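Novice: One file: model_1.cif (mmCIF, C-alpha atoms).
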```
data_target
#
loop_
_atom_site.label_atom_id
_atom_site.label_comp_id
_atom_site.auth_asym_id
_atom_site.auth_seq_id
_atom_site.Cartn_x
_atom_site.Cartn_y
_atom_site.Cartn_z
CA MET A 30 0.00 0.00 0.00
CA ALA A 31 1.27 3.48 -0.89
CA LYS A 32 2.39 5.65 2.01
CA ILE A 33 0.52 8.85 2.95
CA TYR A 34 2.52 11.67 4.56
CA LEU A 35 0.85 14.52 6.44
CA LEU A 36 3.05 17.62 6.82
CA ASN A 37 2.11 18.47 10.39
CA ASN A 38 1.79 16.76 13.77
CA GLN A 39 -1.92 15.86 13.73
CA LYS A 40 -2.38 12.13 14.28
CA TYR A 41 -4.49 9.89 12.04
CA GLU A 42 -4.55 6.13 11.73
CA GLY A 43 -2.43 4.89 8.85
CA ILE A 44 -0.89 8.32 8.21
CA ILE A 45 2.79 9.19 8.63
CA ASN A 46 3.56 12.62 10.12
CA LEU A 47 6.33 14.63 8.53
CA GLU A 48 6.76 17.82 10.57
CA VAL A 49 8.43 20.02 8.00
CA PHE A 50 7.63 23.21 9.92
CA LYS A 51 7.24 24.43 13.49
CA VAL A 52 4.96 27.08 14.96
CA LYS A 53 6.60 29.57 17.33
CA SER A 54 4.56 31.88 19.55
CA THR A 55 5.84 35.44 19.85
CA LYS A 56 6.07 37.43 23.10
CA TYR A 57 3.70 40.37 23.48
CA LEU A 58 1.26 42.21 25.72
CA VAL A 59 -2.17 43.39 24.63
CA ASP A 60 -5.24 44.67 26.45
CA CYS A 61 -8.14 42.88 24.76
CA SER A 62 -10.68 44.78 26.87
CA LYS A 63 -10.05 47.79 24.61
CA TYR A 64 -11.58 45.91 21.68
CA ASP A 65 -15.13 45.00 20.69
CA ALA A 66 -14.03 42.00 18.63
CA LEU A 67 -11.12 39.61 18.14
CA VAL A 68 -10.56 38.02 14.73
CA PHE A 69 -8.87 34.63 14.37
CA THR A 70 -7.85 32.77 11.23
CA SER A 71 -5.86 30.06 13.04
CA LYS A 72 -6.00 28.07 16.25
CA ASN A 73 -2.29 28.91 16.69
CA ALA A 74 -3.25 32.49 17.51
CA ILE A 75 -5.44 31.20 20.33
CA TYR A 76 -2.64 29.03 21.69
CA SER A 77 -0.37 32.07 21.57
CA LEU A 78 -2.76 34.22 23.62
CA GLU A 79 -2.83 31.48 26.22
CA GLU A 80 0.96 31.12 26.24
CA ASN A 81 1.28 34.86 26.85
CA SER A 82 -1.36 34.78 29.64
CA ILE A 83 -3.52 37.35 27.84
CA ASN A 84 -7.02 37.96 29.21
CA TRP A 85 -8.97 37.58 25.96
CA LYS A 86 -11.90 35.25 26.55
CA ASN A 87 -14.52 37.89 27.44
CA THR A 88 -14.03 39.80 24.19
CA PRO A 89 -16.28 38.45 21.40
CA SER A 90 -14.34 36.16 19.04
CA TYR A 91 -14.89 35.93 15.29
CA LEU A 92 -13.38 32.68 13.99
CA ILE A 93 -12.64 31.56 10.45
CA ALA A 94 -13.92 27.99 10.70
CA SER A 95 -15.28 25.28 12.97
CA LYS A 96 -11.91 23.71 13.91
CA THR A 97 -10.57 27.06 15.14
CA ALA A 98 -13.88 27.70 16.89
CA LYS A 99 -13.65 24.37 18.72
CA VAL A 100 -10.27 25.35 20.19
CA ALA A 101 -11.71 28.71 21.26
CA LYS A 102 -14.75 27.00 22.79
CA ASP A 103 -12.51 24.58 24.70
CA TYR A 104 -10.81 27.59 26.30
CA GLY A 105 -14.15 29.15 27.24
CA ALA A 106 -14.14 31.96 24.67
CA ASN A 107 -17.05 34.27 23.94
CA ILE A 108 -17.79 33.07 20.40
CA ALA A 109 -19.66 35.63 18.32
CA PHE A 110 -19.31 34.21 14.79
CA VAL A 111 -17.85 31.25 12.88
CA GLY A 112 -17.07 31.55 9.17
CA ALA A 113 -18.67 29.28 6.60
CA ASN A 114 -15.87 28.01 4.38
CA GLY A 115 -12.47 28.60 5.98
CA HIS A 116 -10.99 30.86 3.28
CA GLY A 117 -9.48 34.18 4.40
CA ASN A 118 -10.89 36.49 1.73
CA GLU A 119 -14.40 35.05 1.99
CA PHE A 120 -14.19 35.25 5.78
CA ALA A 121 -13.30 38.94 5.50
CA LYS A 122 -16.38 39.56 3.37
CA GLU A 123 -18.53 37.76 5.93
CA LEU A 124 -17.10 39.97 8.66
CA ILE A 125 -17.72 43.35 7.03
CA PRO A 126 -21.37 43.80 8.13
CA LEU A 127 -20.66 42.22 11.53
CA LEU A 128 -17.75 44.50 12.45
CA LYS A 129 -19.13 47.86 11.38
CA ASN A 130 -18.60 50.50 14.09
CA LYS A 131 -16.51 48.09 16.18
CA LYS A 132 -12.91 48.36 17.37
CA VAL A 133 -11.30 45.14 16.12
CA LEU A 134 -8.06 43.26 16.82
CA TYR A 135 -6.80 40.67 14.33
CA VAL A 136 -4.58 38.13 16.14
CA LYS A 137 -2.46 36.91 13.25
CA ALA A 138 0.60 35.11 11.99
CA LEU A 139 3.75 36.90 10.89
CA LYS A 140 3.07 35.75 7.32
CA THR A 141 -0.46 35.71 5.96
CA VAL A 142 -1.57 34.80 2.45
CA SER A 143 -5.09 36.21 2.34
CA ASN A 144 -6.16 39.83 1.79
CA LEU A 145 -8.27 39.90 4.94
CA VAL A 146 -6.65 43.02 6.38
CA GLU A 147 -6.91 44.96 3.12
CA ILE A 148 -10.53 43.93 2.57
CA LEU A 149 -11.61 44.99 6.06
CA LYS A 150 -9.74 48.29 5.98
CA GLU A 151 -11.08 49.11 2.52
CA ASN A 152 -14.53 48.69 4.03
CA GLU A 153 -13.72 51.10 6.90
CA ILE A 154 -13.39 48.51 9.64
CA ASP A 155 -11.38 49.96 12.55
CA LEU A 156 -8.75 47.21 12.64
CA ASP A 157 -5.55 46.73 14.63
CA GLU A 158 -3.19 43.79 14.11
CA ILE A 159 -0.87 41.89 16.42
CA VAL A 160 1.61 39.21 15.32
CA SER A 161 1.06 36.31 17.70
CA TYR A 162 3.07 33.52 16.06
CA GLN A 163 5.25 32.59 13.13
CA THR A 164 5.82 29.45 11.10
CA VAL A 165 9.43 28.38 10.57
CA CYS A 166 10.84 25.48 8.60
CA ASN A 167 12.10 22.55 10.66
CA ASN A 168 15.80 22.44 9.82
CA PHE A 169 16.33 19.51 12.19
CA LEU A 170 13.93 17.16 10.42
CA GLU A 171 15.19 13.59 10.40
CA LYS A 172 16.14 12.53 6.88
CA VAL A 173 13.47 10.27 5.43
CA GLU A 174 13.50 8.41 2.13
CA LEU A 175 10.03 8.87 0.68
CA GLU A 176 8.73 5.80 -1.12
CA LYS A 177 7.65 6.03 -4.74
CA ASN A 178 3.91 6.49 -5.27
CA SER A 179 3.59 8.26 -1.91
CA THR A 180 0.85 10.82 -1.32
CA ILE A 181 1.83 14.10 0.33
CA ILE A 182 -0.81 16.19 2.14
CA PHE A 183 -0.01 19.91 2.03
CA THR A 184 -1.91 21.81 4.73
CA SER A 185 -0.66 25.37 4.08
CA PRO A 186 1.65 27.43 1.86
CA SER A 187 4.29 27.06 4.60
CA SER A 188 4.09 23.29 4.33
CA VAL A 189 4.86 23.59 0.61
CA GLU A 190 7.86 25.84 1.18
CA CYS A 191 9.29 23.72 3.98
CA PHE A 192 8.68 20.39 2.22
CA PHE A 193 10.69 21.51 -0.79
CA ASN A 194 13.47 22.77 1.48
CA ASN A 195 13.95 19.15 2.52
CA PHE A 196 12.77 16.94 -0.34
CA LYS A 197 12.75 16.63 -4.11
CA TRP A 198 9.55 15.77 -5.90
CA ASP A 199 9.34 12.38 -7.59
CA LYS A 200 7.06 12.11 -10.61
CA SER A 201 5.34 9.11 -8.98
CA PHE A 202 4.19 11.24 -6.01
CA LYS A 203 0.64 12.51 -5.64
CA ALA A 204 -0.58 15.41 -3.55
CA VAL A 205 -3.65 16.52 -1.64
CA LEU A 206 -3.99 20.27 -1.00
CA ILE A 207 -6.05 21.90 1.73
CA GLY A 208 -7.18 24.74 -0.56
CA LYS A 209 -6.64 26.88 -3.63
CA THR A 210 -4.32 29.28 -1.83
CA THR A 211 -1.93 26.41 -1.12
CA GLU A 212 -2.17 25.41 -4.78
CA LYS A 213 -0.71 28.78 -5.82
CA PHE A 214 2.55 27.94 -4.03
CA LEU A 215 3.11 24.56 -5.68
CA PRO A 216 6.12 24.25 -7.99
CA LYS A 217 5.37 23.32 -11.60
CA GLU A 218 6.62 19.74 -11.26
CA VAL A 219 3.67 18.88 -9.00
CA ASN A 220 0.85 18.11 -11.42
CA ASP A 221 -0.99 15.11 -9.96
CA TYR A 222 -3.06 16.50 -7.10
CA VAL A 223 -6.53 16.93 -5.62
CA ILE A 224 -7.76 20.06 -3.81
CA SER A 225 -10.01 19.65 -0.81
CA LYS A 226 -13.28 21.56 -1.06
CA THR A 227 -13.02 22.45 2.63
CA THR A 228 -10.05 23.73 4.59
CA ASP A 229 -10.15 20.70 6.86
CA VAL A 230 -7.16 18.42 7.48
CA THR A 231 -9.45 15.47 8.22
CA GLU A 232 -11.08 15.87 4.82
CA CYS A 233 -7.63 16.00 3.19
CA VAL A 234 -6.73 12.74 4.91
CA ASN A 235 -9.99 11.15 3.74
CA ILE A 236 -9.33 12.27 0.17
CA ALA A 237 -5.83 10.77 0.29
CA LYS A 238 -7.18 7.46 1.57
CA ARG A 239 -10.02 7.33 -0.96
CA SER A 240 -8.12 8.52 -3.98
CA PHE A 241 -4.57 7.27 -3.71
CA SER A 242 -4.13 4.50 -1.14
#
```
Just dump the structure as structure tokens.
Specialist:
Amino acid sequence: MAKIYLLNNQKYEGIINLEVFKVKSTKYLVDCSKYDALVFTSKNAIYSLEENSINWKNTPSYLIASKTAKVAKDYGANIAFVGANGHGNEFAKELIPLLKNKKVLYVKALKTVSNLVEILKENEIDLDEIVSYQTVCNNFLEKVELEKNSTIIFTSPSSVECFFNNFKWDKSFKAVLIGKTTEKFLPKEVNDYVISKTTDVTECVNIAKRSFS
């Protein structure tokens, strides 16, 4: 049976984890009580608030998708809204009518690939930003020989960058992508792939098992 590699540390039966990147929380202070809304596009931003002992849970949270919302709920957050499809630009458009006349803080990554900030500011949303974490390639990854016909699950643009820092693509490989944004970062030699219709790692794993195993 062909091997399936997932490029993060989430565990699934029959799937091999290949942690090509690490998430590092930054150090900061912020008074969330000054804001009417917090915007999240990743669960890593929530983990970062907790690591920095920030009092954030009473401020209404606007979350990009159900998986991020579950993490927020587990911490006891005040959940005001959960986006429908998990894509940054569409999430921004959903937020526009909800955030009018509110003071908003976007708790974000150092690198972002959507135009969420631009879309909200163009629509006169009073938005501040704070960098809560960054994604860095794992330069200490144990060398692994990937078998031919393997399937690689790319869960973000960072996973693409960091995978190709460590591995060369074999023409027998297949790929599953978490979304169209990730597709934009693929090198030209990757041409046998499927894009998940939802930005859900579990769905990516299911696609890999159905389509390529």
Novice: Each residue of range 133-231 of chain A with at least one atom at most 10 Å from range 66-84 of chain A should appear once, together with its nearest atom pair and the corresponding distance in Å (one decimal); atoms considered: only C-alpha atoms; ordering: chain, then increasing residue number; output as a tab-separated table.
Specialist:
```
residue	atom	partner	partner_atom	distance
A:Val133	CA	A:Ala66	CA	4.9
A:Leu134	CA	A:Leu67	CA	4.9
A:Tyr135	CA	A:Val68	CA	4.6
A:Val136	CA	A:Phe69	CA	5.8
A:Lys137	CA	A:Ala74	CA	6.2
A:Ala138	CA	A:Ala74	CA	7.2
A:Thr141	CA	A:Thr70	CA	9.5
A:Ser143	CA	A:Thr70	CA	9.9
A:Leu145	CA	A:Thr70	CA	9.5
A:Leu156	CA	A:Ala66	CA	9.5
A:Asp157	CA	A:Leu67	CA	9.7
A:Glu158	CA	A:Val68	CA	9.4
A:Ile159	CA	A:Ala74	CA	9.8
A:Val160	CA	A:Ala74	CA	8.6
A:Ser161	CA	A:Ala74	CA	5.8
A:Tyr162	CA	A:Ala74	CA	6.6
A:Gln163	CA	A:Asn73	CA	9.1
A:Thr164	CA	A:Asn73	CA	9.9
```
Novice: Compile the contact shell of Val223 in chain A as a list of chain:residue names: residues with an atom at most 9 Å away, counting only C-alpha atoms, same-chain residues fewer than 4 positions apart removed.
Specialist: A:Lys203, A:Ala204, A:Val205, A:Leu206, A:Ile207, A:Cys233, A:Ile236, A:Ala237, A:Ser240
Novice: Go through A:Glu232, A:Val219, A:Gly43, A:Ser185 one by one, measure the shortest atom-to-atom distance of each to Lys197 in chain A using all atoms listed in the file, and give the residue with the smallest value.
Specialist: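 Among the listed residues, A:Val219 lies closest to Lys197 in chain A.
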Novice: From the set A:Ser187, A:Asn37, A:Thr227, A:Ser179, which residue has the shortest atom-to-atom contact distance to Ser201 in chain A, counting all atoms listed in the file?
Specialist: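 Distance minimum relative to Ser201 in chain A lands on A:Ser179.
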Novice: Report the residues retrieved by the PyMOL selection byres ((chain A and resi 102-109) around 7) from the displayed file, expressed as a JSON list (two decimals) with C-alpha atoms, keeping the file's coordinate frame.
Specialist:
```
[["chain", "number", "residue", "atom", "x", "y", "z"],
["A", 86, "LYS", "CA", -11.90, 35.25, 26.55],
["A", 87, "ASN", "CA", -14.52, 37.89, 27.44],
["A", 88, "THR", "CA", -14.03, 39.80, 24.19],
["A", 89, "PRO", "CA", -16.28, 38.45, 21.40],
["A", 90, "SER", "CA", -14.34, 36.16, 19.04],
["A", 91, "TYR", "CA", -14.89, 35.93, 15.29],
["A", 98, "ALA", "CA", -13.88, 27.70, 16.89],
["A", 99, "LYS", "CA", -13.65, 24.37, 18.72],
["A", 100, "VAL", "CA", -10.27, 25.35, 20.19],
["A", 101, "ALA", "CA", -11.71, 28.71, 21.26],
["A", 110, "PHE", "CA", -19.31, 34.21, 14.79]]
```
Novice: Do you have the CA of Leu175 in chain A-CA of Ile33 in chain A distance handy?
Specialist: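 It comes out at 9.8 Å.
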Novice: Which one is closest to Phe196 in chain A: A:Leu124, A:Val49, A:Val111, A:Ile44? Count only C-alpha atoms.
Specialist: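 That would be A:Val49, the residue with the smallest distance to Phe196 in chain A.
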Novice: Please write the residues picked by the PyMOL selection byres ((chain A and resi 42) around 12) on this file as a PyMOL selection string.
Specialist: chain A and resi 32-35+39-41+43-46+231+234-235+238
Novice: Step by step, gather every atom of range 86-94 of chain A that the file lists, find the box along x, y and z that holds them, add 6 Å on each side, and finally give centre and edge lengths in Å to one decimal, as lines of an AutoDock Vina configuration file.
Specialist:
```
center_x = -14.1
center_y = 33.9
center_z = 18.9
size_x = 16.4
size_y = 23.8
size_z = 29.0
```
Novice: Given the choices A:Phe241, A:Asn38, A:Val146, A:Leu128, which gets closest to Val52 in chain A if the distance is worked out from only C-alpha atoms?
Specialist: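 Among A:Phe241, A:Asn38, A:Val146, A:Leu128, it is A:Asn38 that comes nearest to Val52 in chain A.
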Novice: Determine the nearest neighbour of Ser62 in chain A from the options A:Cys166, A:Glu123, A:Lys132, A:Ile148, counting all atoms listed in the file.
Specialist: A:Lys132
Novice: Find the distance between CA of Val230 in chain A and CA of Pro216 in chain A and write it in Å to one decimal.
Specialist: 21.2 Å
Novice: Could you tell me how far CA of Leu92 in chain A sits from CA of Leu58 in chain A, in Å to one decimal place?
Specialist: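 Distance reported for this atom pair: 21.0 Å.
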Novice: Ranking A:Val59, A:Val142, A:Ile181, A:Leu47 by minimum distance to Phe214 in chain A and counting only C-alpha atoms, which one comes first?
Specialist: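 Closest to Phe214 in chain A, using only C-alpha atoms: A:Val142.
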Novice: Take the PyMOL selection byres ((chain A and resi 218) around 10), run it mentally on this structure, and tell me the resulting residues as a PyMOL selection string.
Specialist: chain A and resi 197-200+215-217+219-221
Novice: As a ChimeraX atom specification, please: the residues near Asn195 in chain A (cut-off 12 Å, only C-alpha atoms, same-chain neighbours under 4 positions excluded).
Specialist: /A:36,47-50,166-175,188-191
